[in-house]
>>> print(open('query00.cif').read())   # mmCIF, C-alpha atoms and all ligand atoms
data_coords
#
loop_
_atom_site.label_atom_id
_atom_site.label_comp_id
_atom_site.auth_asym_id
_atom_site.auth_seq_id
_atom_site.Cartn_x
_atom_site.Cartn_y
_atom_site.Cartn_z
CA MET A 1 -63.57 -139.22 54.06
CA GLU A 2 -63.59 -141.04 50.74
CA ASN A 3 -60.40 -142.76 49.61
CA ASN A 4 -60.04 -140.37 46.64
CA ALA A 5 -60.21 -137.35 48.89
CA ILE A 6 -57.61 -138.88 51.22
CA ILE A 7 -55.25 -139.43 48.27
CA ILE A 8 -55.60 -135.81 47.10
CA ARG A 9 -54.80 -134.53 50.59
CA ALA A 10 -51.93 -137.01 50.94
CA ARG A 11 -50.34 -135.68 47.74
CA GLN A 12 -50.38 -132.15 49.13
CA PHE A 13 -48.94 -133.27 52.47
CA VAL A 14 -46.15 -135.34 50.90
CA GLN A 15 -45.22 -132.68 48.34
CA GLU A 16 -44.69 -130.18 51.18
CA GLN A 17 -42.48 -132.63 53.04
CA HIS A 18 -40.22 -133.16 50.03
CA GLN A 19 -39.96 -129.57 48.84
CA ASN A 20 -36.42 -128.91 50.11
CA ASP A 21 -34.81 -132.13 48.94
CA TYR A 22 -31.92 -132.00 46.47
CA SER A 23 -30.62 -135.52 47.09
CA GLY A 24 -32.74 -137.25 44.44
CA HIS A 25 -35.63 -137.79 46.86
CA ASP A 26 -37.65 -134.88 45.55
CA TRP A 27 -41.38 -134.82 44.80
CA TRP A 28 -40.83 -136.12 41.25
CA HIS A 29 -39.18 -139.24 42.64
CA ILE A 30 -42.32 -139.78 44.74
CA MET A 31 -44.57 -139.16 41.71
CA ARG A 32 -42.64 -141.59 39.50
CA VAL A 33 -42.65 -144.28 42.19
CA THR A 34 -46.37 -143.79 42.83
CA ASP A 35 -47.25 -143.96 39.12
CA THR A 36 -45.07 -147.04 38.57
CA ALA A 37 -46.54 -148.73 41.65
CA LYS A 38 -50.06 -148.16 40.30
CA ILE A 39 -49.10 -149.75 36.98
CA ILE A 40 -47.62 -152.80 38.73
CA SER A 41 -50.60 -153.01 41.06
CA VAL A 42 -53.01 -153.43 38.13
CA GLN A 43 -51.03 -156.49 37.06
CA GLU A 44 -50.44 -157.96 40.49
CA GLY A 45 -53.85 -157.25 41.98
CA GLY A 46 -52.76 -155.19 44.98
CA ASN A 47 -55.04 -153.00 47.09
CA ASP A 48 -54.77 -149.75 45.09
CA PHE A 49 -55.46 -147.45 48.01
CA VAL A 50 -52.78 -148.99 50.25
CA VAL A 51 -50.31 -149.13 47.32
CA GLU A 52 -50.80 -145.45 46.49
CA LEU A 53 -50.64 -144.19 50.07
CA ALA A 54 -47.57 -146.31 50.87
CA ALA A 55 -45.86 -145.16 47.65
CA LEU A 56 -46.58 -141.52 48.44
CA MET A 57 -45.27 -141.84 52.01
CA HIS A 58 -42.44 -144.31 51.40
CA ASP A 59 -39.56 -141.88 51.92
CA LEU A 60 -41.03 -139.93 54.85
CA ALA A 61 -39.78 -142.35 57.51
CA ASP A 62 -36.22 -141.58 56.51
CA GLU A 63 -33.61 -139.43 58.17
CA LYS A 64 -32.93 -137.70 54.82
CA ILE A 65 -36.41 -136.21 54.74
CA SER A 66 -37.65 -136.22 58.34
CA GLY A 67 -34.50 -136.03 60.50
CA SER A 68 -34.93 -139.59 61.79
CA GLU A 69 -36.92 -142.72 60.97
CA LYS A 70 -38.77 -142.41 64.29
CA GLU A 71 -39.76 -138.77 63.75
CA GLY A 72 -40.85 -139.54 60.19
CA LEU A 73 -43.01 -142.49 61.24
CA LYS A 74 -44.64 -140.42 63.96
CA LYS A 75 -45.52 -137.72 61.43
CA VAL A 76 -46.91 -140.28 58.95
CA ASN A 77 -49.05 -142.01 61.58
CA LYS A 78 -50.41 -138.74 62.93
CA TRP A 79 -51.41 -137.75 59.41
CA LEU A 80 -53.00 -141.11 58.58
CA LYS A 81 -55.06 -141.09 61.80
CA GLU A 82 -56.17 -137.48 61.42
CA ASN A 83 -57.25 -138.12 57.85
CA GLY A 84 -59.42 -141.10 58.63
CA VAL A 85 -57.32 -143.97 57.24
CA LYS A 86 -58.48 -147.26 58.79
CA GLU A 87 -56.42 -148.92 61.52
CA ASP A 88 -55.62 -152.09 59.50
CA GLU A 89 -54.54 -149.97 56.51
CA ILE A 90 -52.34 -147.81 58.77
CA LEU A 91 -50.66 -150.96 60.08
CA GLU A 92 -50.00 -152.23 56.57
CA ILE A 93 -48.58 -148.89 55.43
CA ASN A 94 -46.30 -148.86 58.49
CA GLU A 95 -45.06 -152.35 57.74
CA ILE A 96 -44.32 -151.33 54.13
CA ILE A 97 -42.44 -148.12 54.77
CA THR A 98 -40.35 -149.48 57.64
CA THR A 99 -39.35 -152.52 55.57
CA MET A 100 -38.80 -150.47 52.41
CA SER A 101 -35.36 -149.05 52.38
CA PHE A 102 -32.28 -150.94 51.42
CA LYS A 103 -30.04 -149.62 54.23
CA GLY A 104 -27.01 -151.58 53.05
CA GLY A 105 -29.04 -154.79 52.71
CA ASN A 106 -29.90 -155.24 56.39
CA ARG A 107 -33.68 -155.34 56.14
CA LYS A 108 -36.17 -158.21 56.23
CA PRO A 109 -38.08 -159.22 53.07
CA MET A 110 -41.40 -157.58 52.26
CA SER A 111 -44.39 -159.65 53.44
CA THR A 112 -47.38 -158.20 51.52
CA ILE A 113 -48.03 -157.90 47.79
CA GLU A 114 -48.66 -154.15 48.24
CA GLY A 115 -45.20 -153.85 49.85
CA LYS A 116 -43.56 -155.86 47.07
CA ILE A 117 -45.14 -153.58 44.49
CA VAL A 118 -44.04 -150.31 46.12
CA GLN A 119 -40.55 -151.69 46.76
CA ASP A 120 -40.17 -152.66 43.09
CA ALA A 121 -41.35 -149.22 41.97
CA ASP A 122 -38.80 -147.53 44.27
CA ARG A 123 -36.00 -149.83 43.09
CA LEU A 124 -36.84 -149.16 39.43
CA ASP A 125 -36.36 -145.44 40.09
CA ALA A 126 -32.82 -146.19 41.32
CA LEU A 127 -31.97 -147.83 37.97
CA GLY A 128 -31.42 -146.73 34.36
CA ALA A 129 -30.84 -143.14 33.22
CA ILE A 130 -32.92 -141.74 36.06
CA GLY A 131 -31.07 -143.91 38.56
CA ILE A 132 -27.76 -142.57 37.23
CA ALA A 133 -28.98 -138.97 37.45
CA ARG A 134 -30.22 -139.46 41.03
CA THR A 135 -26.94 -141.02 42.12
CA PHE A 136 -24.92 -138.03 40.96
CA ALA A 137 -27.45 -135.62 42.44
CA TYR A 138 -27.23 -137.47 45.78
CA SER A 139 -23.44 -137.42 45.67
CA GLY A 140 -23.33 -133.69 44.96
CA ALA A 141 -25.81 -133.00 47.74
CA LYS A 142 -23.73 -135.04 50.22
CA GLY A 143 -20.32 -133.81 49.09
CA GLN A 144 -19.12 -137.11 47.60
CA PRO A 145 -16.79 -137.12 44.59
CA ILE A 146 -17.86 -138.48 41.20
CA TYR A 147 -15.13 -141.09 41.31
CA ASP A 148 -11.82 -141.67 43.08
CA PRO A 149 -9.57 -144.45 41.74
CA GLU A 150 -7.91 -144.63 45.16
CA LEU A 151 -11.19 -145.42 46.91
CA PRO A 152 -12.33 -148.92 45.90
CA PRO A 153 -16.01 -149.93 46.27
CA ARG A 154 -16.86 -151.56 49.60
CA VAL A 155 -17.74 -155.21 49.08
CA GLY A 156 -19.75 -157.60 51.26
CA SER A 157 -22.53 -156.60 53.59
CA MET A 158 -22.19 -153.33 55.45
CA THR A 159 -23.64 -152.05 58.67
CA TYR A 160 -26.27 -149.37 58.21
CA LYS A 161 -23.85 -146.76 59.63
CA ASP A 162 -21.12 -147.70 57.12
CA TYR A 163 -23.58 -147.75 54.22
CA ARG A 164 -25.01 -144.34 55.02
CA HIS A 165 -22.02 -142.49 56.44
CA GLY A 166 -18.86 -144.27 55.26
CA LYS A 167 -16.67 -142.65 52.60
CA SER A 168 -17.76 -143.46 49.07
CA THR A 169 -18.21 -142.05 45.57
CA ALA A 170 -21.03 -141.88 43.07
CA ILE A 171 -19.40 -144.53 40.88
CA ASN A 172 -18.84 -146.81 43.90
CA HIS A 173 -22.54 -146.64 44.70
CA PHE A 174 -23.25 -148.60 41.51
CA TYR A 175 -21.17 -151.49 42.85
CA GLU A 176 -22.28 -151.14 46.46
CA LYS A 177 -26.01 -151.06 45.70
CA LEU A 178 -27.41 -150.32 42.27
CA LEU A 179 -26.03 -153.30 40.34
CA LYS A 180 -27.38 -155.67 43.01
CA LEU A 181 -30.97 -154.49 42.66
CA LYS A 182 -32.00 -156.43 39.56
CA ASP A 183 -31.64 -159.74 41.42
CA SER A 184 -33.89 -158.66 44.25
CA MET A 185 -36.97 -157.60 42.30
CA ASN A 186 -40.31 -159.04 43.46
CA THR A 187 -42.63 -158.84 40.43
CA GLU A 188 -42.44 -159.89 36.78
CA TYR A 189 -42.90 -156.30 35.58
CA GLY A 190 -40.18 -155.16 37.98
CA LYS A 191 -37.76 -157.88 36.90
CA LYS A 192 -38.15 -157.08 33.20
CA LEU A 193 -37.65 -153.32 33.50
CA ALA A 194 -34.85 -153.77 36.05
CA GLU A 195 -32.96 -155.99 33.62
CA GLU A 196 -33.18 -153.36 30.84
CA ARG A 197 -32.17 -150.52 33.13
CA HIS A 198 -29.35 -152.60 34.61
CA ASN A 199 -27.91 -153.18 31.14
CA TYR A 200 -28.09 -149.47 30.39
CA MET A 201 -26.10 -148.72 33.57
CA MET A 202 -23.47 -151.29 32.61
CA GLN A 203 -23.04 -149.48 29.28
CA PHE A 204 -22.73 -146.18 31.08
CA LEU A 205 -20.01 -147.54 33.40
CA GLU A 206 -18.10 -149.04 30.50
CA GLN A 207 -18.11 -145.69 28.69
CA PHE A 208 -17.20 -143.86 31.92
CA PHE A 209 -14.09 -145.99 32.48
CA LEU A 210 -13.17 -145.83 28.79
CA GLU A 211 -13.13 -142.03 28.93
CA TRP A 212 -11.25 -142.10 32.24
CA LYS A 213 -8.51 -144.25 30.65
CA GLU A 214 -8.40 -142.04 27.56
CA SER A 215 -7.60 -139.07 29.79
CA GLU A 216 -4.62 -140.99 31.22
CA LYS A 217 -2.97 -141.65 27.87
P1 LIG B 301 -33.81 -145.62 50.05
O1 LIG B 301 -34.40 -144.28 49.71
O2 LIG B 301 -34.44 -146.76 49.33
O3 LIG B 301 -33.54 -145.82 51.52
P2 LIG B 301 -31.29 -144.69 49.43
O4 LIG B 301 -31.68 -143.38 49.98
O5 LIG B 301 -30.09 -145.37 49.99
O6 LIG B 301 -32.42 -145.70 49.44
O7 LIG B 301 -31.09 -144.52 47.88
C1 LIG B 301 -31.94 -143.81 47.04
C2 LIG B 301 -31.10 -143.27 45.90
O8 LIG B 301 -30.22 -142.24 46.39
C3 LIG B 301 -30.16 -144.30 45.32
O9 LIG B 301 -30.77 -145.06 44.35
C4 LIG B 301 -29.04 -143.46 44.76
O10 LIG B 301 -29.37 -142.91 43.53
C5 LIG B 301 -28.94 -142.37 45.80
N1 LIG B 301 -27.95 -142.74 46.83
C6 LIG B 301 -28.18 -143.25 48.06
N2 LIG B 301 -27.01 -143.45 48.73
C7 LIG B 301 -26.04 -143.04 47.88
C8 LIG B 301 -24.60 -142.98 47.96
N3 LIG B 301 -23.93 -143.34 49.04
N4 LIG B 301 -23.94 -142.51 46.88
C9 LIG B 301 -24.59 -142.11 45.78
N5 LIG B 301 -25.93 -142.14 45.64
C10 LIG B 301 -26.64 -142.60 46.66
NI NI B 302 -37.63 -143.69 47.39
#
>>> encode(input="query00.cif", output="structure tokens", more="lines below")
Ligand code: ADP
Ligand code: NI
Amino acid sequence: MENNAIIIRARQFVQEQHQNDYSGHDWWHIMRVTDTAKIISVQEGGNDFVVELAALMHDLADEKISGSEKEGLKKVNKWLKENGVKEDEILEINEIITTMSFKGGNRKPMSTIEGKIVQDADRLDALGAIGIARTFAYSGAKGQPIYDPELPPRVGSMTYKDYRHGKSTAINHFYEKLLKLKDSMNTEYGKKLAEERHNYMMQFLEQFFLEWKESEK
């Protein structure tokens, strides 16, 4: 099968997998990340086919979408094999999506340029106005409050279990993850946009706490 035909089929497959997600990992998140990754890839000279497939599949090996990382990876690999993706490309895509997620900061750095590109695209979608919207959507979907002044953000590195299942709030997530992202971007394009989106989130938080204080007067 030609690469273009594989991409068209991959889009259909991935869209089906994400159709019941209301935690900010919906199909539009995948589309935005894929489009951003393609833009960065032009500048960084990545392998477009690997970048696009890895971007499309990047959230499938995740318990949120597939029940468990293992189940998700199995599904991805079955699909890639059945659709004629080459063995070396399958290996690279695996390396990218298993290294991808933040998981409280416990993962190894990305080794390939394609991986760095997709990771930056995913991180950019966690920042700015869209990042804010996704954080509140995630919190609503998981039953977390918007904010609780009696629940301070967790500082320092966390185990994966604490990061994913410990008690938190939407506002705390900014301090536990989102505000750290700008310093871990891989590419020039990623760094520049991350900086702008970071500043926008800082303004949002300032206004949020201002309004919170005003209600206490
Ligand atoms: P990844 O998909 O890279 O593994 P996550 O699923 O942890 O990363 O985060 C994706 C997005 O989901 C975050 O950018 C954020 O908007 C939202 N999110 C994840 N965990 C939380 C949380 N504990 N509280 C609020 N939002 C969260
Ligand atoms: Ni993602």
>>> atom_distance(input="query00.cif", atom1="CA of Ala37 in chain A", atom2="CA of Gln12 in chain A")
18.6 Å
>>> residues_near_ligand(input="query00.cif", ligand="ligand LIG 301 (chain B)", cutoff="8 Å", atoms="all atoms listed in the file", output="JSON, numbers by chain")
{"A": [23, 24, 25, 59, 62, 64, 100, 101, 102, 103, 104, 122, 123, 125, 126, 127, 131, 132, 133, 134, 135, 136, 137, 138, 139, 144, 163, 164, 165, 168, 169, 170, 171, 172, 173, 174, 177, 178]}
>>> atom_distance(input="query00.cif", atom1="CA of Ala54 in chain A", atom2="CA of Glu2 in chain A")
16.9 Å
>>> atom_distance(input="query00.cif", atom1="atom NI of ligand NI 302 (chain B)", atom2="CA of Phe209 in chain A")
28.0 Å
>>> residues_around(input="query00.cif", residues="range 43-47 of chain A", least_positions_apart="2", cutoff="8 Å", atoms="only C-alpha atoms", output="PDB file with C-alpha atoms, in the frame of the given file")
ATOM      1  CA  ILE A  39     -49.100-149.750  36.980  1.00  0.00           C
ATOM      2  CA  ILE A  40     -47.620-152.800  38.730  1.00  0.00           C
ATOM      3  CA  SER A  41     -50.600-153.010  41.060  1.00  0.00           C
ATOM      4  CA  PHE A  49     -55.460-147.450  48.010  1.00  0.00           C
ATOM      5  CA  VAL A  50     -52.780-148.990  50.250  1.00  0.00           C
ATOM      6  CA  VAL A  51     -50.310-149.130  47.320  1.00  0.00           C
ATOM      7  CA  ILE A 113     -48.030-157.900  47.790  1.00  0.00           C
ATOM      8  CA  GLU A 114     -48.660-154.150  48.240  1.00  0.00           C
ATOM      9  CA  ILE A 117     -45.140-153.580  44.490  1.00  0.00           C
ATOM     10  CA  THR A 187     -42.630-158.840  40.430  1.00  0.00           C
TER      11      THR A 187
END
>>> residues_near_point(input="query00.cif", point="(-43.1, -144.6, 39.3)", cutoff="10 Å", atoms="all atoms listed in the file", output="list in words")
Trp28, His29, Ile30, Met31, Arg32, Val33, Thr34, Asp35, Thr36, Ala37, Lys38, Ile39, Ile40, Ala55, Val118, Asp120, Ala121, Asp122, Arg123, Leu124 and Asp125 of chain A
>>> closest_residue(input="query00.cif", among="A:Leu60, A:Met202, A:Ala194, A:Met1", to="ligand NI 302 (chain B)", atoms="only C-alpha atoms and all ligand atoms")
A:Leu60
>>> closest_residue(input="query00.cif", among="A:Val85, A:Leu193, A:Ala61, A:Ala10", to="ligand NI 302 (chain B)", atoms="only C-alpha atoms and all ligand atoms")
A:Ala61
>>> residues_around(input="query00.cif", residues="His198 in chain A", least_positions_apart="6", cutoff="7 Å", atoms="only C-alpha atoms", output="number ranges by chain")
A: 127-128, 179, 182
